[in-house]
$ cat entry23.txt   # compact mmCIF, C-alpha atoms
# COMPACT_ATOMS: atom_id res chain seq x y z
CA MET A 1 -47.16 95.21 -207.18
CA ASP A 2 -50.16 95.41 -209.51
CA TYR A 3 -50.54 93.21 -212.57
CA ALA A 4 -53.30 93.55 -215.12
CA LEU A 5 -54.35 90.14 -216.38
CA ASP A 6 -56.22 90.20 -219.66
CA ILE A 7 -57.91 86.82 -219.87
CA ARG A 8 -58.05 87.09 -223.65
CA PHE A 9 -54.28 87.43 -223.89
CA GLN A 10 -54.13 90.96 -225.30
CA ARG A 11 -50.65 92.39 -225.74
CA PRO A 12 -49.62 95.22 -223.38
CA GLY A 13 -49.67 98.79 -224.63
CA TRP A 14 -46.51 100.70 -225.52
CA PRO A 15 -45.90 102.13 -222.00
CA VAL A 16 -45.83 98.62 -220.55
CA ALA A 17 -43.72 97.34 -223.43
CA TRP A 18 -41.24 100.24 -223.00
CA LEU A 19 -41.07 99.64 -219.24
CA THR A 20 -40.62 95.90 -219.78
CA GLY A 21 -37.73 96.54 -222.17
CA PHE A 22 -36.13 98.95 -219.70
CA ILE A 23 -36.42 96.37 -216.91
CA TRP A 24 -34.84 93.66 -219.05
CA VAL A 25 -31.92 95.90 -220.01
CA THR A 26 -31.42 96.84 -216.37
CA LEU A 27 -31.56 93.20 -215.30
CA ALA A 28 -29.06 92.23 -217.98
CA LEU A 29 -26.60 94.85 -216.72
CA VAL A 30 -27.10 93.87 -213.08
CA CYS A 31 -26.87 90.13 -213.69
CA SER A 32 -23.66 90.57 -215.65
CA SER A 33 -21.96 91.96 -212.57
CA PRO A 34 -19.39 89.61 -211.01
CA LEU A 35 -20.91 90.47 -207.62
CA ILE A 36 -24.01 88.40 -208.48
CA ALA A 37 -23.04 84.76 -208.01
CA GLU A 38 -26.43 83.10 -208.55
CA THR A 39 -30.12 83.85 -209.13
CA THR A 40 -32.97 83.13 -206.75
CA PRO A 41 -34.46 79.62 -207.26
CA MET A 42 -38.02 80.02 -208.53
CA THR A 43 -41.09 77.85 -209.04
CA ILE A 44 -44.42 78.26 -210.84
CA VAL A 45 -47.75 78.15 -208.99
CA GLY A 46 -51.11 77.94 -210.76
CA VAL A 47 -54.28 79.55 -209.40
CA LYS A 48 -57.89 78.82 -210.46
CA LEU A 49 -60.88 81.00 -209.61
CA LEU A 50 -64.01 78.90 -210.06
CA ARG A 51 -67.21 80.52 -211.29
CA THR A 52 -70.41 80.14 -209.29
CA LYS A 53 -72.27 79.90 -212.58
CA ARG A 54 -70.79 78.81 -215.86
CA GLY A 55 -70.36 81.72 -218.20
CA SER A 56 -68.40 83.40 -220.96
CA ALA A 57 -65.60 85.96 -221.07
CA GLY A 58 -65.64 88.70 -218.45
CA LYS A 59 -63.59 91.75 -217.59
CA PRO A 60 -59.79 91.51 -217.30
CA LEU A 61 -58.48 90.75 -213.82
CA ARG A 62 -56.01 92.90 -211.92
CA ILE A 63 -53.66 91.00 -209.63
CA GLN A 64 -51.85 92.72 -206.78
CA LEU A 65 -48.90 90.86 -205.27
CA PRO A 66 -47.46 91.79 -201.86
CA GLU A 67 -44.85 94.55 -201.94
CA ASP A 68 -42.41 92.54 -199.84
CA CYS A 69 -42.13 89.77 -202.47
CA HIS A 70 -39.85 91.57 -204.91
CA GLU A 71 -39.16 88.46 -207.03
CA CYS A 72 -42.84 87.52 -207.41
CA SER A 73 -44.47 88.10 -210.79
CA VAL A 74 -47.52 87.16 -212.84
CA MET A 75 -46.76 85.06 -215.92
CA HIS A 76 -48.25 86.01 -219.27
CA GLY A 77 -49.12 84.14 -222.45
CA PRO A 78 -51.68 81.52 -223.51
CA PHE A 79 -49.99 78.85 -221.38
CA TYR A 80 -50.33 80.85 -218.20
CA GLU A 81 -53.56 82.85 -218.25
CA GLY A 82 -57.08 82.48 -219.53
CA GLN A 83 -60.64 81.54 -218.79
CA ASN A 84 -63.40 79.19 -219.80
CA ALA A 85 -66.98 78.48 -218.81
CA HIS A 86 -65.82 76.90 -215.53
CA GLU A 87 -62.98 79.09 -214.29
CA VAL A 88 -60.43 81.85 -214.67
CA PHE A 89 -56.80 80.82 -214.19
CA PHE A 90 -53.37 82.43 -213.94
CA TYR A 91 -49.84 81.45 -212.92
CA LEU A 92 -47.37 83.10 -210.58
CA LYS A 93 -43.60 82.85 -210.61
CA VAL A 94 -42.38 82.89 -207.00
CA PRO A 95 -39.19 82.13 -205.06
CA VAL A 96 -39.02 78.63 -203.58
CA SER A 97 -37.76 80.14 -200.33
CA GLN A 98 -41.27 81.48 -199.69
CA LYS A 99 -43.59 79.03 -197.94
CA GLU A 100 -46.56 81.23 -198.69
CA ILE A 101 -47.36 84.37 -200.66
CA ALA A 102 -49.59 86.24 -198.24
CA ASN A 103 -52.43 88.58 -199.13
CA VAL A 104 -52.67 88.18 -202.88
CA LYS A 105 -55.41 90.53 -204.05
CA VAL A 106 -57.38 90.02 -207.26
CA SER A 107 -59.85 92.54 -208.65
CA VAL A 108 -62.50 90.32 -210.23
CA GLY A 109 -65.21 92.87 -211.05
CA ASP A 110 -68.63 91.26 -211.14
CA LEU A 111 -67.25 87.72 -211.42
CA ASP A 112 -68.96 85.58 -208.77
CA VAL A 113 -66.17 83.37 -207.39
CA ARG A 114 -67.22 80.23 -205.51
CA ALA A 115 -63.75 78.78 -204.86
CA VAL A 116 -60.02 79.43 -205.22
CA ILE A 117 -57.82 76.41 -206.00
CA VAL A 118 -54.03 76.01 -206.02
CA GLU A 119 -52.82 72.62 -207.27
CA LYS A 120 -55.53 70.37 -205.72
CA SER A 121 -56.27 72.42 -202.58
CA TYR A 122 -59.14 74.80 -201.87
CA LEU A 123 -57.92 78.08 -200.38
CA LYS A 124 -59.75 80.28 -197.93
CA PHE A 125 -60.53 83.67 -199.47
CA HIS A 126 -62.23 86.89 -198.45
CA ARG A 127 -64.29 89.11 -200.72
CA SER A 128 -64.58 92.86 -200.34
CA GLY A 129 -66.48 94.65 -203.08
CA GLU A 130 -65.00 93.70 -206.43
CA SER A 131 -61.83 92.15 -204.95
CA ILE A 132 -60.87 88.88 -203.29
CA ASN A 133 -57.87 88.23 -201.03
CA PHE A 134 -56.14 84.93 -200.26
CA ASN A 135 -52.78 83.40 -199.33
CA VAL A 136 -51.01 81.23 -201.91
CA PRO A 137 -49.05 78.23 -200.57
CA VAL A 138 -45.72 77.56 -202.30
CA THR A 139 -44.71 73.95 -202.86
CA PRO A 140 -41.86 73.61 -205.39
CA ARG A 141 -42.89 71.26 -208.20
CA GLN A 142 -41.48 70.29 -211.58
CA ARG A 143 -44.85 71.13 -213.12
CA SER A 144 -47.97 72.74 -211.68
CA SER A 145 -51.07 70.53 -211.78
CA THR A 146 -53.63 73.28 -211.12
CA SER A 147 -55.13 73.27 -214.61
CA GLU A 148 -54.91 69.50 -215.10
CA VAL A 149 -58.17 67.61 -214.57
CA GLN A 150 -57.09 63.96 -214.39
CA THR A 151 -57.93 61.09 -212.03
CA ASN A 152 -55.48 58.26 -211.36
CA LEU A 153 -56.79 54.79 -210.49
CA SER A 154 -54.03 52.42 -209.37
CA TRP A 155 -53.68 48.70 -208.75
CA PRO A 156 -50.48 46.68 -208.27
CA GLY A 157 -48.41 47.21 -211.40
CA VAL A 158 -51.08 49.21 -213.27
CA THR A 159 -52.45 52.76 -213.30
CA VAL A 160 -55.34 54.05 -215.41
CA ARG A 161 -55.34 57.84 -215.77
CA VAL A 162 -58.65 59.30 -216.89
CA GLU A 163 -58.39 62.75 -218.43
CA HIS A 164 -61.80 64.34 -217.97
CA ALA A 165 -62.90 65.92 -221.21
CA PHE A 166 -64.99 68.92 -220.15
CA GLU A 167 -66.28 70.56 -223.31
CA GLY A 168 -66.60 73.82 -221.35
CA ARG A 169 -62.85 73.71 -220.65
CA ARG A 170 -61.73 73.01 -224.24
CA ASP A 171 -58.60 74.89 -225.27
CA GLY A 172 -55.49 74.72 -227.45
CA LYS A 173 -56.08 72.78 -230.66
CA TYR A 174 -59.34 71.45 -229.17
CA ALA A 175 -60.71 74.99 -228.67
CA THR A 176 -62.45 75.03 -232.04
CA GLY A 177 -63.80 72.55 -234.53
CA LYS A 178 -65.73 69.37 -233.91
CA TRP A 179 -65.67 68.26 -230.28
CA PRO A 180 -63.91 64.82 -230.16
CA ALA A 181 -66.64 63.06 -228.19
CA ILE A 182 -66.29 59.83 -230.20
CA GLN A 183 -62.51 59.63 -229.76
CA ARG A 184 -62.78 60.52 -226.06
CA GLN A 185 -65.23 57.68 -225.39
CA ALA A 186 -63.21 55.24 -227.48
CA ALA A 187 -60.02 56.11 -225.55
CA LEU A 188 -61.81 55.63 -222.23
CA ASN A 189 -63.05 52.17 -223.22
CA LEU A 190 -59.63 51.21 -224.56
CA GLU A 191 -57.90 52.23 -221.32
CA PHE A 192 -60.00 49.81 -219.26
CA GLY A 193 -59.94 47.17 -221.99
CA LEU A 194 -56.13 47.25 -221.88
CA ARG A 195 -56.21 47.06 -218.08
CA ASP A 196 -58.13 43.80 -218.24
CA ALA A 197 -55.97 42.41 -221.07
CA ILE A 198 -52.85 43.12 -218.96
CA ARG A 199 -54.44 41.22 -216.08
CA ALA A 200 -55.50 38.33 -218.31
CA LEU A 201 -51.91 37.87 -219.53
CA GLY A 202 -50.37 38.36 -216.06
CA ILE A 203 -48.27 41.32 -217.21
CA ASP A 204 -49.24 43.35 -214.15
CA ARG A 205 -47.81 40.69 -211.82
CA GLU A 206 -44.65 40.42 -213.92
CA VAL A 207 -44.02 44.15 -213.71
CA CYS A 208 -44.97 44.29 -210.03
CA ASP A 209 -42.99 41.26 -208.81
CA ARG A 210 -39.82 42.16 -210.68
CA GLY A 211 -39.87 45.86 -209.83
CA LEU A 212 -39.96 46.94 -213.47
CA GLY A 213 -42.00 50.06 -212.70
CA ARG A 214 -45.66 50.43 -213.57
CA ILE A 215 -47.86 50.26 -216.68
CA HIS A 216 -49.81 53.46 -217.31
CA MET A 217 -52.90 53.70 -219.51
CA MET A 218 -53.82 57.23 -220.52
CA GLY A 219 -56.14 59.12 -222.81
CA PHE A 220 -55.68 62.72 -223.95
CA ASP A 221 -56.17 66.19 -222.47
CA THR A 222 -58.50 68.63 -224.21
CA ASN A 223 -57.92 71.72 -222.03
CA TYR A 224 -54.28 72.58 -222.98
CA PRO A 225 -52.79 72.47 -219.45
CA LEU A 226 -49.55 74.50 -219.46
CA GLY A 227 -49.30 74.19 -223.22
CA HIS A 228 -49.76 70.40 -223.37
CA GLU A 229 -51.53 70.08 -226.72
CA ASP A 230 -52.09 66.29 -226.56
CA PHE A 231 -53.33 66.44 -230.15
CA PRO A 232 -54.67 64.70 -232.20
CA PRO A 233 -56.82 62.35 -230.03
CA HIS A 234 -55.02 59.22 -228.86
CA ALA A 235 -54.56 56.64 -226.12
CA HIS A 236 -51.37 55.42 -224.41
CA ILE A 237 -50.05 52.27 -222.82
CA ILE A 238 -46.71 53.15 -221.20
CA LEU A 239 -44.23 50.96 -219.34
CA ARG A 240 -43.20 53.56 -216.76
CA TRP A 241 -39.69 52.68 -215.61
CA PRO A 242 -38.64 53.11 -211.98
CA HIS A 243 -37.53 56.74 -211.49
CA PHE A 244 -39.46 57.69 -214.69
CA ALA A 245 -36.66 58.35 -217.21
CA GLY A 246 -36.55 55.84 -220.08
CA SER A 247 -40.28 55.12 -220.19
CA GLN A 248 -41.51 54.48 -223.73
CA ALA A 249 -44.73 56.35 -224.51
CA PRO A 250 -46.59 55.07 -227.61
CA HIS A 251 -49.34 57.30 -229.03
CA LEU A 252 -52.19 55.23 -230.45
CA TYR A 253 -54.10 57.73 -232.58
CA LEU A 254 -57.89 57.58 -232.83
CA LYS A 255 -59.79 58.43 -235.98
CA GLU A 256 -63.13 60.22 -236.06
CA ASN A 257 -64.87 56.87 -236.55
CA GLY A 258 -63.70 55.63 -233.14
CA LEU A 259 -61.07 53.17 -234.40
CA LEU A 260 -57.28 53.33 -234.27
CA GLY A 261 -55.36 54.49 -237.32
CA GLY A 262 -52.05 55.81 -238.58
CA ASP A 263 -48.47 55.32 -237.44
CA VAL A 264 -47.77 54.77 -233.75
CA MET A 265 -45.45 57.52 -232.48
CA VAL A 266 -43.22 56.55 -229.54
CA SER A 267 -41.40 59.13 -227.44
CA ILE A 268 -39.07 58.46 -224.49
CA ASP A 269 -40.18 60.15 -221.27
CA GLY A 270 -37.44 62.00 -219.43
CA MET A 271 -35.16 61.89 -222.48
CA PRO A 272 -36.21 64.71 -224.83
CA GLN A 273 -32.91 64.44 -226.72
CA ILE A 274 -34.04 61.13 -228.23
CA LYS A 275 -36.20 61.64 -231.30
CA THR A 276 -39.71 60.22 -231.51
CA THR A 277 -39.80 56.86 -233.32
CA SER A 278 -42.54 55.98 -235.80
CA PHE A 279 -43.98 52.45 -236.09
CA ALA A 280 -46.15 51.74 -239.14
CA GLN A 281 -49.67 50.54 -238.44
CA GLY A 282 -49.62 46.74 -238.14
CA THR A 283 -46.05 46.69 -236.76
CA PRO A 284 -45.52 45.37 -233.20
CA VAL A 285 -44.41 48.09 -230.78
CA PRO A 286 -42.28 46.58 -227.98
CA ALA A 287 -42.30 47.82 -224.39
CA ILE A 288 -38.70 47.27 -223.26
CA ASP A 289 -37.74 47.27 -219.59
CA TYR A 290 -34.59 48.88 -218.19
CA LEU A 291 -32.84 45.47 -218.45
CA GLY A 292 -33.36 45.49 -222.22
CA GLU A 293 -36.04 42.79 -222.33
CA THR A 294 -39.43 43.04 -224.05
CA VAL A 295 -42.19 42.88 -221.44
CA TYR A 296 -45.07 43.12 -223.91
CA GLU A 297 -45.92 44.30 -227.43
CA THR A 298 -48.87 46.25 -228.78
CA VAL A 299 -50.04 45.93 -232.37
CA GLU A 300 -52.35 48.51 -233.90
CA ASN A 301 -54.00 46.23 -236.43
CA LEU A 302 -54.76 47.37 -239.95
CA ASP A 303 -58.51 47.16 -239.29
CA GLY A 304 -58.22 49.70 -236.43
CA THR A 305 -58.35 47.16 -233.59
CA LEU A 306 -55.62 46.44 -231.03
CA THR A 307 -53.64 43.38 -229.93
CA LEU A 308 -51.60 43.04 -226.74
CA ARG A 309 -48.93 40.30 -226.70
CA ARG A 310 -46.81 38.85 -223.91
CA PRO A 311 -43.81 36.97 -225.33
CA THR A 312 -43.95 33.17 -224.81
CA VAL A 313 -47.28 33.52 -222.97
CA GLY A 314 -50.00 34.63 -225.39
CA SER A 315 -52.03 37.57 -226.62
CA CYS A 316 -55.37 39.36 -226.28
CA ASP A 317 -57.32 41.05 -229.06
CA LEU A 318 -59.38 44.17 -228.32
CA ARG A 319 -62.21 44.65 -230.79
CA PRO A 320 -65.41 46.73 -230.89
CA PHE A 321 -68.06 45.53 -228.46
CA LYS A 322 -70.72 45.83 -231.16
CA PRO A 323 -69.28 44.65 -234.48
CA THR A 324 -72.14 46.30 -236.35
CA GLU A 325 -70.97 49.73 -235.12
CA GLN A 326 -67.33 49.04 -236.00
CA ASN A 327 -65.83 51.32 -233.34
CA PHE A 328 -64.79 51.37 -229.69
CA VAL A 329 -67.46 53.84 -228.61
CA SER A 330 -69.89 51.22 -227.28
CA GLY A 331 -67.17 49.21 -225.55
CA VAL A 332 -64.42 46.63 -226.00
CA LEU A 333 -64.65 42.91 -226.60
CA MET A 334 -61.48 41.23 -225.26
CA SER A 335 -60.58 37.72 -226.37
CA CYS A 336 -57.31 36.04 -225.37
CA THR A 337 -55.40 32.96 -226.54
CA ASN A 338 -55.55 31.55 -223.01
CA GLY A 339 -59.34 31.41 -223.19
CA ARG A 340 -60.04 34.56 -221.16
CA SER A 341 -62.67 36.90 -222.61
CA SER A 342 -64.63 39.93 -221.38
CA GLN A 343 -66.88 42.72 -222.49
CA ILE A 344 -65.73 46.07 -221.10
CA ARG A 345 -67.15 49.57 -221.29
CA ALA A 346 -66.74 52.72 -219.19
CA THR A 347 -68.54 56.02 -218.70
CA ASP A 348 -67.37 59.34 -217.27
CA ASP A 349 -69.99 61.79 -215.97
CA THR A 350 -67.93 64.97 -215.63
CA ASP A 351 -70.80 66.99 -214.13
CA ALA A 352 -71.38 64.54 -211.28
CA GLY A 353 -67.76 63.41 -211.07
CA VAL A 354 -68.39 59.67 -211.52
CA ILE A 355 -66.51 57.04 -213.52
CA ARG A 356 -68.27 53.72 -213.98
CA VAL A 357 -66.66 50.60 -215.42
CA PHE A 358 -68.78 47.67 -216.60
CA VAL A 359 -67.14 44.26 -217.04
CA ASP A 360 -69.45 41.51 -218.31
CA SER A 361 -72.48 41.19 -216.00
CA LYS A 362 -70.63 42.13 -212.79
CA PRO A 363 -71.79 45.09 -210.68
CA PRO A 364 -70.14 48.23 -212.06
CA GLU A 365 -66.97 49.63 -210.54
CA VAL A 366 -67.74 53.18 -209.34
CA TYR A 367 -65.08 55.87 -208.86
CA ARG A 368 -66.20 59.28 -207.57
CA TYR A 369 -63.99 62.34 -208.00
CA ASP A 370 -64.14 66.09 -207.41
CA PRO A 371 -65.09 67.67 -210.78
CA ASP A 372 -63.07 70.80 -209.90
CA THR A 373 -59.77 69.10 -209.05
CA ALA A 374 -60.24 65.49 -210.30
CA VAL A 375 -59.07 64.22 -206.88
CA LEU A 376 -60.48 60.74 -206.23
CA LEU A 377 -63.00 60.85 -203.39
CA ASN A 378 -63.99 57.21 -203.04
CA SER A 379 -64.21 53.97 -204.97
CA ASP A 380 -66.33 50.82 -204.98
CA PRO A 381 -64.66 48.37 -204.84
CA SER A 382 -61.91 50.05 -202.84
CA LEU A 383 -58.54 50.51 -204.49
CA PRO A 384 -55.48 48.91 -202.87
CA THR A 385 -53.97 51.29 -200.32
CA ASN A 386 -50.58 49.68 -199.63
CA GLN A 387 -49.28 48.60 -203.01
CA SER A 388 -45.66 48.91 -201.94
CA SER A 389 -46.13 45.83 -199.78
CA THR A 390 -47.18 43.73 -202.78
CA CYS A 391 -44.83 45.15 -205.47
CA ALA A 392 -41.07 45.17 -205.57
CA GLY A 393 -41.26 48.86 -206.53
CA ASP A 394 -37.86 50.37 -207.19
CA ASN A 395 -36.00 47.32 -205.86
CA PRO A 396 -35.95 45.08 -208.93
CA ALA A 397 -35.41 41.38 -208.63
CA PRO A 398 -33.54 39.39 -211.31
CA LYS A 399 -35.64 37.42 -213.74
CA LYS A 400 -35.80 33.74 -212.89
$ encode --input "entry23.txt" --output "structure tokens"
Amino acid sequence: MDYALDIRFQRPGWPVAWLTGFIWVTLALVCSSPLIAETTPMTIVGVKLLRTKRGSAGKPLRIQLPEDCHECSVMHGPFYEGQNAHEVFFYLKVPVSQKEIANVKVSVGDLDVRAVIVEKSYLKFHRSGESINFNVPVTPRQRSSTSEVQTNLSWPGVTVRVEHAFEGRRDGKYATGKWPAIQRQAALNLEFGLRDAIRALGIDREVCDRGLGRIHMMGFDTNYPLGHEDFPPHAHIILRWPHFAGSQAPHLYLKENGLLGGDVMVSIDGMPQIKTTSFAQGTPVPAIDYLGETVYETVENLDGTLTLRRPTVGSCDLRPFKPTEQNFVSGVLMSCTNGRSSQIRATDDTDAGVIRVFVDSKPPEVYRYDPDTAVLLNSDPSLPTNQSSTCAGDNPAPKK
């Protein structure tokens, strides 16, 4: 089966459109037959072809799937196909019964391919002339992560997810206009500033010891992975419930000046039926656990700064590191009611694949990742490897 993949998302010509319509009518008639009890379970697999040298748009690809995989198909549309300076990507719809789709052939023309990636794995491939061949592993997933470029750093009770903002991979609503470098740096500093405020107030131990889930700090994607716009620029602090569903996800929006601003929009992960709730700037936003208790509150202050509160314990203010600059780009100054204070800033070198976190005058924390997949390679200091032994996890204990 041959599929032409136009990386600029051109619509098919009338013969393809006519054939597509004919196929859909035929499928509708067949599927309406009482002899067909159920359809084949399918999953979506993303494929990235990495360029040897960064470049611009090239010729359309032609993808040939094996003849013996009758249910296999190439997906079309801006979510599922495209290219940027780093890579060309496409998505396949395949039956979950297949462990591997063997001998996928892609006509790449003069595109010099240095690697083929599915999810976070590098695949062996063979080149012959203007074509490459490879086998695609099939691992059923709720969502493919091939086009996501994010690194997770986890400690007991807390995870910081760094979305790597490659300007050469910009897409969706970030494809044009001013590149949000200021907001990206501000979000990165706020993520690690919140991490240290959580530690200062002991919220990480509370969540960990009582099995309330995990607190996730996140920034925003700029490469439109599977249609995830993540726009406008923002940061998150999410109390991720055990088993995911019910987690409240506040969106702390960042202005072009590197400060927070506007209403805080809170959605409920795993429950799309519940409408997003708006909290006016200056209003405390509670993080409620699955027992109905408030674990902490965040307040987006009217001056664009942030406050984290733990009921009956205290609070920490996060303000710009350099008051003269009046933004979070240079770092975060944390000051807490219990006397704890720190100066925090972080950098992300996406070319080298290195995150560095500076806290006061301590040696920097260094986290190295693969720039192609965002998989963490090593860390200094080392991250905890057996967090389940120190956290209650999904076995919550009653509050004392």
$ closest_residue --input "entry23.txt" --among "A:Gly262, A:Gly177, A:Pro95, A:Gly213" --to "Ser73 in chain A" --atoms "all atoms listed in the file"
A:Pro95
$ atom_distance --input "entry23.txt" --atom1 "CA of Ser144 in chain A" --atom2 "CA of Cys208 in chain A"
28.7 Å
$ residues_around --input "entry23.txt" --residues "range 286-300 of chain A" --least-positions-apart "4" --cutoff "7 Å" --atoms "all atoms listed in the file" --output "list in words"
Leu212, Leu239, Trp241, Gln248, Leu260, Gln281, Gly282, Gly304, Thr305, Leu306, Thr307, Leu308, Arg309, Arg310 and Pro311 of chain A
$ atom_distance --input "entry23.txt" --atom1 "CA of Gln98 in chain A" --atom2 "CA of Glu81 in chain A"
22.3 Å
$ atom_distance --input "entry23.txt" --atom1 "CA of Ser247 in chain A" --atom2 "CA of Val158 in chain A"
14.1 Å
$ residues_around --input "entry23.txt" --residues "Asn84 in chain A" --least-positions-apart "4" --cutoff "9 Å" --atoms "all atoms listed in the file" --output "list in words"
Arg54, Gly55, Ser56, Ala57, Val88, Phe89, Gly168, Arg169, Arg170 and Asp171 of chain A
$ residues_near_point --input "entry23.txt" --point "(-65.5, 49.9, -222.6)" --cutoff "8 Å" --atoms "all atoms listed in the file" --output "list in words"
Ala186, Leu188, Asn189, Leu190, Phe192, Gly193, Phe321, Phe328, Val329, Ser330, Gly331, Val332, Gln343, Ile344, Arg345, Ala346, Thr347, Val357 and Phe358 of chain A
$ closest_atom_pairs --input "entry23.txt" --of "range 109-182 of chain A" --to "range 372-379 of chain A" --cutoff "6 Å" --atoms "all atoms listed in the file" --output "Markdown table"
| residue | atom | partner | partner_atom | distance |
| --- | --- | --- | --- | --- |
| A:Lys120 | CA | A:Thr373 | CA | 5.5 |
| A:Val149 | CA | A:Ala374 | CA | 5.2 |
| A:Gln150 | CA | A:Ala374 | CA | 5.4 |
| A:Thr151 | CA | A:Ala374 | CA | 5.3 |
$ closest_residue --input "entry23.txt" --among "A:Val264, A:Val366, A:Ile238, A:Val138" --to "Leu383 in chain A" --atoms "all atoms listed in the file"
A:Val366
$ residues_around --input "entry23.txt" --residues "range 126-134 of chain A" --least-positions-apart "3" --cutoff "7 Å" --atoms "all atoms listed in the file" --output "list of chain:residue names"
A:Ala102, A:Asn103, A:Val104, A:Lys105, A:Val106, A:Ser107, A:Val108, A:Gly109, A:Asp110
$ closest_residue --input "entry23.txt" --among "A:Val94, A:Ala352, A:Ala85, A:Ala235" --to "Glu167 in chain A" --atoms "all atoms listed in the file"
A:Ala85
$ closest_residue --input "entry23.txt" --among "A:Ser97, A:Thr176, A:Thr276, A:Thr337" --to "Thr139 in chain A" --atoms "all atoms listed in the file"
A:Ser97
$ closest_residue --input "entry23.txt" --among "A:Arg51, A:Pro384, A:Leu254, A:Arg205" --to "Gly157 in chain A" --atoms "only C-alpha atoms"
A:Arg205
$ axis_aligned_box --input "entry23.txt" --around "range 317-325 of chain A" --padding-each-side "4 Å" --output "lines of an AutoDock Vina configuration file"
center_x = -64.7
center_y = 45.4
center_z = -232.3
size_x = 22.8
size_y = 16.7
size_z = 16.0
$ closest_residue --input "entry23.txt" --among "A:Arg143, A:Val285, A:Leu318, A:Thr40" --to "His70 in chain A" --atoms "only C-alpha atoms"
A:Thr40
$ residues_around --input "entry23.txt" --residues "Val354 in chain A" --least-positions-apart "4" --cutoff "6 Å" --atoms "only C-alpha atoms" --output "ChimeraX atom specification"
/A:348-349,367-368
$ residues_around --input "entry23.txt" --residues "Leu226 in chain A" --least-positions-apart "6" --cutoff "12 Å" --atoms "all atoms listed in the file" --output "PyMOL selection string"
chain A and resi 44-46+75-82+89-91+143-148+171-172
$ write_last_selection --input "entry23.txt" --atoms "C-alpha atoms" --output "compact mmCIF listing (two decimals), keeping the file's coordinate frame"
# COMPACT_ATOMS: atom_id res chain seq x y z
CA ILE A 44 -44.42 78.26 -210.84
CA VAL A 45 -47.75 78.15 -208.99
CA GLY A 46 -51.11 77.94 -210.76
CA MET A 75 -46.76 85.06 -215.92
CA HIS A 76 -48.25 86.01 -219.27
CA GLY A 77 -49.12 84.14 -222.45
CA PRO A 78 -51.68 81.52 -223.51
CA PHE A 79 -49.99 78.85 -221.38
CA TYR A 80 -50.33 80.85 -218.20
CA GLU A 81 -53.56 82.85 -218.25
CA GLY A 82 -57.08 82.48 -219.53
CA PHE A 89 -56.80 80.82 -214.19
CA PHE A 90 -53.37 82.43 -213.94
CA TYR A 91 -49.84 81.45 -212.92
CA ARG A 143 -44.85 71.13 -213.12
CA SER A 144 -47.97 72.74 -211.68
CA SER A 145 -51.07 70.53 -211.78
CA THR A 146 -53.63 73.28 -211.12
CA SER A 147 -55.13 73.27 -214.61
CA GLU A 148 -54.91 69.50 -215.10
CA ASP A 171 -58.60 74.89 -225.27
CA GLY A 172 -55.49 74.72 -227.45
